[in-house]
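Source file: input_35.txt (compact mmCIF, C-alpha atoms)
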# COMPACT_ATOMS: atom_id res chain seq x y z
CA MET A 58 9.40 3.52 5.68
CA PRO A 59 11.84 4.89 8.32
CA ASP A 60 11.28 4.08 11.97
CA THR A 61 10.00 7.23 13.67
CA SER A 62 9.45 5.71 17.12
CA PRO A 63 11.07 7.72 19.95
CA LEU A 64 14.45 6.68 21.29
CA PRO A 65 14.48 5.24 24.83
CA GLU A 66 15.07 7.81 27.54
CA PRO A 67 18.48 7.66 29.30
CA SER A 68 16.87 6.49 32.53
CA ARG A 69 15.16 3.70 30.67
CA LEU A 70 18.45 2.72 29.04
CA ALA A 71 20.05 2.65 32.47
CA ARG A 72 17.34 0.34 33.76
CA ILE A 73 17.71 -1.94 30.76
CA ARG A 74 21.48 -2.05 31.23
CA ALA A 75 21.05 -2.77 34.94
CA MET A 76 18.72 -5.68 34.23
CA LEU A 77 21.13 -7.13 31.68
CA TRP A 78 24.01 -7.08 34.14
CA LEU A 79 21.74 -8.40 36.85
CA ALA A 80 21.25 -11.45 34.63
CA VAL A 81 25.01 -11.73 34.27
CA GLY A 82 25.38 -11.50 38.04
CA VAL A 83 22.81 -14.24 38.64
CA ALA A 84 24.64 -16.52 36.23
CA LEU A 85 27.92 -15.87 38.04
CA VAL A 86 26.37 -16.55 41.42
CA LEU A 87 24.90 -19.84 40.17
CA ALA A 88 28.35 -20.81 38.91
CA MET A 89 29.85 -20.01 42.29
CA ALA A 90 27.14 -22.04 44.02
CA ALA A 91 27.99 -25.01 41.82
CA MET A 92 31.65 -24.60 42.79
CA LEU A 93 30.65 -24.59 46.45
CA ILE A 94 28.70 -27.83 46.04
CA ARG A 95 31.64 -29.46 44.27
CA ALA A 96 34.08 -28.27 46.92
CA GLN A 97 31.91 -29.66 49.72
CA SER A 98 31.45 -32.96 47.92
CA GLN A 99 35.24 -33.26 47.60
CA ASP A 100 35.59 -32.71 51.36
CA THR A 101 38.12 -29.87 51.13
CA PRO A 102 40.57 -30.43 54.03
CA SER A 103 40.78 -26.81 55.18
CA GLY A 104 37.05 -26.13 54.89
CA ASN A 105 37.95 -22.50 54.11
CA HIS A 106 35.94 -21.48 51.06
CA ALA A 107 37.72 -18.10 50.99
CA GLU A 108 40.57 -19.96 49.33
CA TRP A 109 38.49 -20.10 46.15
CA PHE A 110 35.73 -17.51 46.61
CA GLY A 111 36.69 -14.01 47.57
CA GLY A 112 40.22 -15.03 48.37
CA PRO A 113 43.17 -12.71 49.00
CA PHE A 114 43.06 -9.10 47.87
CA THR A 115 44.81 -5.81 48.58
CA LEU A 116 43.03 -2.47 48.22
CA SER A 117 43.31 1.11 49.47
CA ALA A 118 41.03 2.94 51.93
CA PRO A 119 40.35 6.70 51.86
CA ASP A 120 42.59 7.28 54.89
CA GLY A 121 45.56 5.67 53.13
CA ARG A 122 45.33 2.33 54.90
CA THR A 123 45.90 -0.88 53.02
CA VAL A 124 42.91 -3.19 53.40
CA THR A 125 43.08 -6.91 52.73
CA GLU A 126 40.76 -9.85 53.32
CA ARG A 127 42.52 -10.25 56.68
CA THR A 128 41.58 -6.69 57.63
CA LEU A 129 37.91 -7.56 57.20
CA ALA A 130 38.17 -10.86 59.10
CA GLY A 131 36.27 -11.14 62.35
CA LYS A 132 33.03 -9.48 61.23
CA PRO A 133 30.53 -10.42 58.51
CA TYR A 134 30.28 -8.06 55.59
CA ALA A 135 28.20 -7.23 52.52
CA ILE A 136 30.37 -6.21 49.57
CA PHE A 137 29.24 -4.37 46.44
CA PHE A 138 31.22 -3.32 43.35
CA GLY A 139 30.49 -0.15 41.38
CA PHE A 140 31.75 3.38 40.75
CA THR A 141 31.05 6.83 42.14
CA ARG A 142 29.60 8.28 38.91
CA CYS A 143 27.09 5.44 38.62
CA PRO A 144 23.72 7.07 37.89
CA ASP A 145 21.33 4.45 39.23
CA VAL A 146 22.39 1.00 40.44
CA CYS A 147 25.15 2.05 42.87
CA PRO A 148 23.35 4.80 44.78
CA THR A 149 20.20 2.71 44.86
CA SER A 150 22.03 -0.34 46.23
CA LEU A 151 24.02 1.56 48.86
CA SER A 152 20.96 3.52 49.99
CA ARG A 153 19.12 0.24 50.28
CA MET A 154 21.86 -1.33 52.39
CA ALA A 155 21.79 1.70 54.69
CA ARG A 156 18.01 1.33 55.03
CA LEU A 157 18.21 -2.43 55.70
CA ARG A 158 20.89 -1.87 58.32
CA SER A 159 18.60 0.61 60.07
CA GLN A 160 15.70 -1.85 59.94
CA LEU A 161 17.83 -4.46 61.70
CA GLY A 162 18.05 -2.26 64.78
CA ALA A 163 20.89 -3.20 67.12
CA ASP A 164 21.91 -6.04 64.79
CA GLY A 165 22.52 -3.57 61.98
CA MET A 166 26.02 -2.76 63.16
CA LYS A 167 27.02 -6.40 63.43
CA PHE A 168 28.10 -6.45 59.79
CA GLU A 169 30.15 -4.16 57.58
CA ILE A 170 29.06 -2.65 54.28
CA VAL A 171 31.92 -2.56 51.79
CA PHE A 172 31.91 -0.62 48.52
CA VAL A 173 34.66 -1.25 45.96
CA SER A 174 35.06 1.18 43.08
CA VAL A 175 36.06 -0.57 39.86
CA ASP A 176 36.83 2.76 38.15
CA PRO A 177 40.41 3.69 39.11
CA GLY A 178 40.54 6.04 36.13
CA HIS A 179 38.11 8.43 37.85
CA ASP A 180 37.84 7.29 41.47
CA SER A 181 40.72 7.88 43.83
CA ALA A 182 40.52 6.45 47.35
CA ALA A 183 39.61 9.95 48.58
CA ASP A 184 36.80 10.18 46.00
CA VAL A 185 35.40 6.87 47.22
CA GLY A 186 35.57 8.08 50.82
CA ARG A 187 33.56 11.20 50.02
CA TYR A 188 31.05 9.12 48.07
CA VAL A 189 30.30 6.55 50.77
CA ALA A 190 29.94 9.34 53.35
CA LEU A 191 26.79 10.47 51.52
CA PHE A 192 24.72 7.47 52.62
CA GLY A 193 24.39 8.24 56.34
CA THR A 194 25.84 4.99 57.66
CA PRO A 195 29.38 3.62 58.07
CA ILE A 196 30.53 2.14 54.75
CA ILE A 197 34.06 0.95 54.02
CA GLY A 198 35.05 2.49 50.69
CA LEU A 199 37.89 0.86 48.77
CA THR A 200 39.62 0.98 45.42
CA GLY A 201 42.98 0.00 43.94
CA THR A 202 45.08 -0.33 40.85
CA GLU A 203 43.84 -2.10 37.74
CA ALA A 204 45.79 -5.20 38.78
CA GLN A 205 44.46 -5.14 42.34
CA LEU A 206 40.90 -4.73 41.12
CA ALA A 207 41.32 -7.51 38.58
CA GLN A 208 42.35 -9.81 41.43
CA ILE A 209 39.36 -9.11 43.66
CA LYS A 210 36.91 -9.15 40.75
CA LYS A 211 38.19 -12.56 39.74
CA GLY A 212 37.86 -13.80 43.31
CA PHE A 213 34.23 -12.70 43.56
CA GLY A 214 33.26 -13.49 39.98
CA VAL A 215 32.47 -9.82 39.33
CA TYR A 216 32.14 -8.41 35.82
CA SER A 217 32.89 -4.80 34.89
CA ALA A 218 33.72 -3.13 31.60
CA LYS A 219 33.92 0.41 30.25
CA SER A 220 31.09 1.48 27.96
CA PRO A 221 31.96 4.49 25.73
CA LEU A 222 29.89 7.68 25.89
CA PRO A 223 29.67 10.50 23.35
CA GLY A 224 32.53 12.95 23.71
CA GLY A 225 35.13 10.40 24.68
CA ASP A 226 34.02 9.70 28.25
CA TYR A 227 32.73 6.35 29.48
CA THR A 228 30.41 4.72 31.95
CA ILE A 229 30.90 1.26 33.45
CA ASP A 230 28.68 -1.78 33.13
CA HIS A 231 29.09 -3.97 36.19
CA THR A 232 27.63 -6.77 38.25
CA ALA A 233 24.78 -5.44 40.40
CA THR A 234 24.88 -8.22 43.01
CA ILE A 235 25.70 -7.70 46.69
CA TYR A 236 27.84 -10.53 48.09
CA LEU A 237 27.51 -11.66 51.70
CA MET A 238 30.58 -12.98 53.51
CA THR A 239 30.87 -14.46 57.00
CA ALA A 240 33.31 -13.33 59.68
CA THR A 241 35.64 -16.14 58.59
CA GLY A 242 35.62 -15.10 54.95
CA ARG A 243 33.18 -17.70 53.67
CA PHE A 244 30.61 -17.00 50.99
CA ALA A 245 27.17 -16.77 52.65
CA GLY A 246 24.92 -15.80 49.75
CA THR A 247 23.87 -12.78 47.72
CA ILE A 248 21.30 -10.00 47.60
CA ALA A 249 20.04 -9.37 44.08
CA TYR A 250 19.34 -5.87 42.81
CA ASP A 251 15.58 -6.46 42.50
CA GLU A 252 15.20 -8.76 45.50
CA PRO A 253 12.41 -7.86 47.97
CA ASP A 254 13.59 -6.14 51.14
CA ALA A 255 11.90 -8.79 53.30
CA THR A 256 14.04 -11.53 51.74
CA ALA A 257 17.19 -9.42 51.98
CA LEU A 258 16.53 -8.79 55.68
CA GLN A 259 16.20 -12.51 56.32
CA LYS A 260 19.57 -13.10 54.71
CA LEU A 261 21.21 -10.35 56.75
CA ARG A 262 19.71 -11.70 59.97
CA ARG A 263 21.20 -15.11 59.20
CA LEU A 264 24.53 -13.48 58.40
CA VAL A 265 24.79 -11.77 61.82
CA ALA A 266 23.18 -14.55 63.88

Can you turn what I pasted into structure tokens?
Amino acid sequence: MPDTSPLPEPSRLARIRAMLWLAVGVALVLAMAAMLIRAQSQDTPSGNHAEWFGGPFTLSAPDGRTVTERTLAGKPYAIFFGFTRCPDVCPTSLSRMARLRSQLGADGMKFEIVFVSVDPGHDSAADVGRYVALFGTPIIGLTGTEAQLAQIKKGFGVYSAKSPLPGGDYTIDHTATIYLMTATGRFAGTIAYDEPDATALQKLRRLVA
């Protein structure tokens, strides 16, 4: 007998996809944490974890500036990877970061929020600039070439891949984790997509302390 149960709604599919990539993100973060433990146990001479997490990158800002890891040095930052046509995870995550920043009061401006588009096929640097301006708080919007994005994604252990849509277009499945970096470029932890705000605030307070 044929299955006559209704197909999942698009919003439900989006939530399912988000949860799947959240699981991927958690696995990647655990792998990075294991690398950190190994690096510390080997007593790395430089003590600079940015050499193997995050690392060097070169991207473009909406105003035409070239932004590298050195550009961001000197101030902690929370970095998130997505794309401007993202229907759910990206706007939810950036709105949340804006809200958490506001809840931190004066400490909220002690860290940067960085959004990297992993969709150079649709998102120019100008597109990213217009997108981040929608969230009512200063956000550094960045993108780059396929090669430049491959480099930074590898450095942060970020996954992204095109997922075809009817009609020849595509969406992008991507890691939904927010990465926290210190002012010296060291990995300081993550904020998961479904993590309670109270826990996320504690992590941000430690980041700016």

Open item on the list: Counting only C-alpha atoms, which residue out of A:Val173, A:Leu264, A:Ala257, A:Leu222 sits closest to Ile209 in chain A?
Closed with: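 Among the listed residues, the smallest separation from Ile209 in chain A belongs to A:Val173.
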
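Considering all atoms listed in the file, the residue among A:Ile229, A:Ala190, A:Ala207, A:Ala163 positioned nearest to Arg142 in chain A is A:Ile229.
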
Open item on the list: For a quick check of understanding, using all atoms listed in the file, which of A:Val146, A:Ala182, A:Ile248, A:Ile196 has the smallest distance to Ile170 in chain A?
Closed with: A:Ile196

Open item on the list: Need to verify the contact set: Gln160 in chain A, 12 Å, all atoms listed in the file, exclusion of same-chain residues closer than 3 positions in sequence. Can you return it as a ChimeraX atom specification?
Closed with: /A:153-157,163-166,254-255,257-259,261-262

- [ ] Point out the residue among A:Ile197, A:Ala233, A:Ala240, A:Val185 with the least atom-to-atom distance to Tyr216 in chain A, counting only C-alpha atoms.
- [x]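 Among the listed residues, the smallest separation from Tyr216 in chain A belongs to A:Ala233.
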
Range 161-178 of chain A: axis-aligned bounding box, 4 Å on each side, centre and edge lengths in Å, one decimal, as JSON:
{"center_x": 29.2, "center_y": -0.2, "center_z": 51.6, "size_x": 30.7, "size_y": 20.5, "size_z": 39.0}

TODO: Could you give me, as an NGL selection string, the residues within 10 Å of Cys143 in chain A, counting all atoms listed in the file and dropping anything in the same chain fewer than 5 positions from it?
DONE: :A and (71 or 148-149 or 228-231)

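Checking A:Phe192, A:Phe213, A:Phe138, A:Phe244 one by one against Ser159 in chain A, counting all atoms listed in the file, you find the shortest gap at A:Phe192.
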
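You will find CA of Tyr236 in chain A at 24.1 Å from CA of Asp120 in chain A.
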